[in-house]
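Enquirer: Below you'll find the structure I mean.
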Amino acid sequence: MPDARGAQTACQIACAHRQRPKRRWGGCAVSGILFWWLLVQGGLACISDHVHTVPANAIRLGTVLPFSGDRAASGVPLERALRLAVDVVNSANALGGRPLYLDVRDSHSDDVRGTVSALDLINNNKIPFFIGPEEPKITYQITTAIKSNHMVNLLPGLTSPMFHDPSTEAGWFRLAPSPNYLACALAKRMLKDGITKANTVSDPDDYSGTFATMFGRVFTFMGGTLLPGLQLSLQSASFESVFATIERFAPDATLLITSPSVASPFLQEWAVRGKIGKWYLGPTLKNPELVRNVPMGVLEGFSGISPDLGPNADAFATYFQAKTAVPPLDASNYYYDAVALLALAIAEGIAQEGVVPTPATLKVHLQNVTSASGQVVSFNELESGLALVAAGRKIQYSGAAGSYVLNTLGDAIGNTAAVWQIKADVFQTIGFEQCSDAEVYSTY
């Protein structure tokens with residue numbers, strides 16, 4: 001492990017480097033070797049806190065995040081969001097005098113290596129709360145360990161699975177909106193845009209499959225014609241067959257549901273082939289990495305959909321960048337809120353019962369601190385919110401990603417989606433769509 005101070009400097013250089021609006025592949029403004037050395041050193045710095053001494057009375061949080069591999073660009077802003085919230089909570093000293101301690105490991109953007117890192121963290125440390133991971137398959141692989149260690153797993157990632165267990169030995173809570181509502185909202189929007197024939201191009205994973213399936217159900221139910229969908233091979237260097245099939249079917253538009261690391265070369269090849277057809281982008285592609293890694297102008301006018309982050313989104317973006325010097329991803333909002341909600345629920349549990357809530361009781365406290373009957377507390381009023389809860393007051397947390405409503409299964413059920421368009425390489429919100437429960441579930 002390198003010296004923490006030197007590694008932190010490298011991390012800041014690497015993170016700042018990724019912000020530069022370069023058009024070379026990967027956004028590299030330095031030599032490839034130097035860039036990756038900085039990134040690796042920066043990744044070590046970003047996760048170096050787990051070697052520090054853990055306070056004896058700490059309430060421990062654990063996570064694995066992608067600091068290397070295909071998703072490496074997301075690891076730093078997500079870790080910064082977690083640490084920012086932890087710092088705010090600890091400065092409030094509102095958890096019965098106990099601090100939060102965050103232990104972060106690298107998932108390497110790899111399901112196998114990430115699972116090993118997560119299991120090592122869970123099984124060899126007393127960590128009652130786990131946040132994430134970003135990779136859905138890792139979530140499934142660690143469920144047995146979460147349960148056997150009687151832990152709570154908060155899932156703030158957009159692609160997180162909806163995992164439910166009726167036992168009280170562990171608890172799972174999904175904070176990001178369900179793909180069902182976002183897919184339904186996008187189907188409505190495309191029909192309003194005059195798209196009557198559409199197909200999907202997606203990754204072979206659970207999230208993409210669920211999104212594509214729900215989109216197809218709603219699109220056809222509302223009068224559209226769904227053409228055969230196509231899957232992208234993550235190992236394929238050529239997308240020739242995909243484009244050939246799209247040309248043959250000639251849809252009005254195609255929905256692309258994939259990751260930025262796959263979408264970037266795919267859309268570059270689309271541009272080389274003469275920009276055939278019209279495209280809409282799924283929620284995971286509202287990511288600065290996409291526009292950084294595609295030549296300027298290629299994505300001009302592309303539309304897509306993502307969760308509506310609510311009235312606090314702009315204020316949080318400014319606050320986050322000022323505190324961390326890193327531009328936030330949309331997911332940063334949910335990761336910050338994961339710690340904030342957890343801290344508020346713990347504070348209420350300590351105030352009412354004198355102990356940190358168990359998995360069986362945490363859901364009640366999470367629902368209490370998000371219910372509409374309490375005093376509204378914004379993300380930047382977290383310290384005062386913790387004090388109110390500790391004093392027995394009722395609050396409603398209005399977070400970095402808006403308000404939360406948790407159903408009986410522990411899933412957030414907010415269903416408003418933001419429609420955006422890429423203009424001059426910036427994602428600009430141009431409207432909103434919403435699906436009711438009836439519109440989503442009437443298609444089953």
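The chains in the structure tokens are called A, B, ... from first to last as shown; in each chain the residues are counted from 1, and the ligands are counted from 1 in the order shown.
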Given only C-alpha atoms, how would the per-residue table for stretch 276-302 of chain A near stretch 157-169 of chain A read, listing every residue at most 12 Å away with its closest atom pair and distance in Å to one decimal, sorted by chain and number, as a tab-separated table?

Expert:
residue	atom	partner	partner_atom	distance
A:Gly282	CA	A:Leu158	CA	11.1
A:Pro283	CA	A:Leu158	CA	8.1
A:Thr284	CA	A:Leu158	CA	7.4
A:Leu285	CA	A:Leu158	CA	11.1
A:Lys286	CA	A:Leu158	CA	11.2

Enquirer: Find, counting only C-alpha atoms, the residue in A:Ser233, A:Gln352, A:Asn149, A:Thr254 that gets nearest to A:Ala198.

Expert: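 The shortest atom-to-atom distance to A:Ala198 comes from A:Thr254.
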
Enquirer: If DSSP is run on the backbone, what residues of stretch 67-307 of chain A are strand (DSSP E)? A reply as an NGL selection string would be ideal.

Expert: :A and (100-106 or 129-131 or 152-155 or 171-174 or 197-202 or 225-226 or 230-231 or 253-257 or 279-281 or 303-307)

Enquirer: Could you please take those selected residues and save N, CA and C atoms as a short mmCIF file (atom, residue, chain, number, x, y, z; two decimals), in the first residue's frame?

Expert:
data_model
loop_
_atom_site.label_atom_id
_atom_site.label_comp_id
_atom_site.auth_asym_id
_atom_site.auth_seq_id
_atom_site.Cartn_x
_atom_site.Cartn_y
_atom_site.Cartn_z
N LEU A 100 -19.75 6.58 12.73
CA LEU A 100 -19.81 5.65 11.60
C LEU A 100 -18.40 5.44 11.08
N TYR A 101 -18.12 4.22 10.63
CA TYR A 101 -16.82 3.93 10.02
C TYR A 101 -17.09 3.17 8.72
N LEU A 102 -16.57 3.71 7.61
CA LEU A 102 -16.81 3.13 6.29
C LEU A 102 -15.59 2.35 5.82
N ASP A 103 -15.80 1.09 5.49
CA ASP A 103 -14.73 0.24 4.97
C ASP A 103 -15.04 -0.07 3.51
N VAL A 104 -14.15 0.33 2.59
CA VAL A 104 -14.39 0.22 1.15
C VAL A 104 -13.35 -0.69 0.51
N ARG A 105 -13.80 -1.59 -0.33
CA ARG A 105 -12.90 -2.44 -1.10
C ARG A 105 -13.22 -2.30 -2.60
N ASP A 106 -12.29 -2.74 -3.41
CA ASP A 106 -12.42 -2.65 -4.88
C ASP A 106 -13.14 -3.89 -5.42
N PHE A 129 -23.88 -3.27 8.55
CA PHE A 129 -24.56 -2.62 7.42
C PHE A 129 -23.66 -2.65 6.18
N PHE A 130 -24.25 -3.09 5.07
CA PHE A 130 -23.52 -3.16 3.80
C PHE A 130 -24.27 -2.32 2.78
N ILE A 131 -23.54 -1.49 2.02
CA ILE A 131 -24.15 -0.61 1.02
C ILE A 131 -23.70 -1.04 -0.36
N VAL A 152 -27.85 -5.79 7.42
CA VAL A 152 -28.75 -5.01 6.58
C VAL A 152 -27.99 -4.61 5.32
N ASN A 153 -28.63 -4.79 4.17
CA ASN A 153 -28.02 -4.44 2.88
C ASN A 153 -28.86 -3.35 2.22
N LEU A 154 -28.30 -2.13 2.14
CA LEU A 154 -28.97 -1.04 1.44
C LEU A 154 -28.45 -1.00 0.01
N LEU A 155 -29.36 -0.95 -0.95
CA LEU A 155 -29.01 -1.03 -2.37
C LEU A 155 -29.37 0.28 -3.07
N GLY A 171 -31.93 -7.82 6.32
CA GLY A 171 -32.85 -6.90 5.65
C GLY A 171 -32.24 -6.34 4.39
N TRP A 172 -33.05 -6.23 3.34
CA TRP A 172 -32.62 -5.65 2.07
C TRP A 172 -33.53 -4.49 1.72
N PHE A 173 -32.94 -3.35 1.34
CA PHE A 173 -33.71 -2.16 1.00
C PHE A 173 -33.16 -1.57 -0.29
N ARG A 174 -34.02 -1.43 -1.28
CA ARG A 174 -33.62 -0.88 -2.58
C ARG A 174 -34.10 0.56 -2.67
N LYS A 197 -43.11 1.93 -34.07
CA LYS A 197 -42.41 0.66 -34.20
C LYS A 197 -41.03 0.81 -33.53
N ALA A 198 -40.75 -0.09 -32.62
CA ALA A 198 -39.49 0.02 -31.88
C ALA A 198 -38.96 -1.36 -31.54
N ASN A 199 -37.65 -1.41 -31.32
CA ASN A 199 -37.04 -2.61 -30.76
C ASN A 199 -35.99 -2.21 -29.74
N THR A 200 -35.38 -3.18 -29.10
CA THR A 200 -34.41 -2.91 -28.05
C THR A 200 -33.09 -3.60 -28.36
N VAL A 201 -32.02 -2.96 -27.94
CA VAL A 201 -30.68 -3.55 -27.96
C VAL A 201 -30.17 -3.46 -26.53
N SER A 202 -29.85 -4.59 -25.92
CA SER A 202 -29.56 -4.59 -24.49
C SER A 202 -28.44 -5.54 -24.13
N THR A 225 -45.87 -1.20 -31.85
CA THR A 225 -45.45 -2.50 -32.39
C THR A 225 -44.01 -2.75 -31.98
N LEU A 226 -43.81 -3.84 -31.24
CA LEU A 226 -42.47 -4.17 -30.77
C LEU A 226 -41.83 -5.17 -31.72
N LEU A 230 -32.61 -7.35 -29.53
CA LEU A 230 -31.28 -7.87 -29.80
C LEU A 230 -30.42 -7.72 -28.55
N GLN A 231 -29.52 -8.69 -28.35
CA GLN A 231 -28.59 -8.61 -27.23
C GLN A 231 -27.18 -8.32 -27.72
N ALA A 253 -37.50 3.68 -34.11
CA ALA A 253 -36.44 4.00 -33.14
C ALA A 253 -36.03 2.72 -32.42
N THR A 254 -34.80 2.74 -31.91
CA THR A 254 -34.28 1.62 -31.14
C THR A 254 -33.86 2.11 -29.76
N LEU A 255 -34.20 1.34 -28.73
CA LEU A 255 -33.83 1.67 -27.36
C LEU A 255 -32.55 0.92 -27.00
N LEU A 256 -31.52 1.66 -26.56
CA LEU A 256 -30.25 1.07 -26.18
C LEU A 256 -30.16 1.01 -24.66
N ILE A 257 -30.02 -0.21 -24.13
CA ILE A 257 -29.97 -0.42 -22.68
C ILE A 257 -28.67 -1.15 -22.38
N TRP A 279 -32.29 6.67 -32.08
CA TRP A 279 -32.01 5.93 -30.87
C TRP A 279 -32.50 6.69 -29.63
N TYR A 280 -32.96 5.91 -28.65
CA TYR A 280 -33.24 6.40 -27.31
C TYR A 280 -32.31 5.64 -26.36
N LEU A 281 -31.94 6.29 -25.25
CA LEU A 281 -30.97 5.72 -24.33
C LEU A 281 -31.60 5.40 -22.98
N SER A 303 -32.09 11.28 -27.02
CA SER A 303 -32.96 11.41 -25.86
C SER A 303 -32.87 10.15 -25.01
N GLY A 304 -33.26 10.29 -23.76
CA GLY A 304 -33.26 9.14 -22.87
C GLY A 304 -34.05 9.44 -21.62
N ILE A 305 -34.01 8.51 -20.70
CA ILE A 305 -34.79 8.64 -19.48
C ILE A 305 -33.96 8.19 -18.28
N SER A 306 -34.25 8.77 -17.14
CA SER A 306 -33.56 8.40 -15.91
C SER A 306 -34.45 8.81 -14.73
N PRO A 307 -34.12 8.41 -13.52
CA PRO A 307 -34.95 8.81 -12.38
C PRO A 307 -34.97 10.32 -12.21
#

Enquirer: Could you list, as a ChimeraX atom specification, every residue within 8 Å of A:Ala185, counting only C-alpha atoms and ignoring same-chain residues fewer than 3 positions away?

Expert: /A:181-182,188-189,416-417,433-435

Enquirer: Grab the atom CA of A:Val376 to atom CA of A:Phe316 distance for me, in Å with one decimal place.

Expert: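 Atom CA of A:Phe316 lies 16.2 Å from atom CA of A:Val376.
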
Enquirer: Find the spatial neighbours of A:Pro265, counting only C-alpha atoms, within a cut-off of 9 Å - ignore same-chain residues fewer than 5 positions away - and output them as a list in words.

Expert: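 These residues fall inside the cut-off: Ala237, Pro260, Trp270, Asn293 and Val294 of chain A.
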
Enquirer: For the residues selected in the previous step, produce a file with C-alpha atoms as a compact mmCIF listing (two decimals), in the first residue's frame.

Expert:
# COMPACT_ATOMS: atom_id res chain seq x y z
CA ALA A 237 -15.42 -6.41 -30.92
CA PRO A 260 -21.31 3.42 -20.94
CA TRP A 270 -23.00 3.55 -35.44
CA ASN A 293 -15.67 8.67 -24.84
CA VAL A 294 -17.72 9.36 -27.97
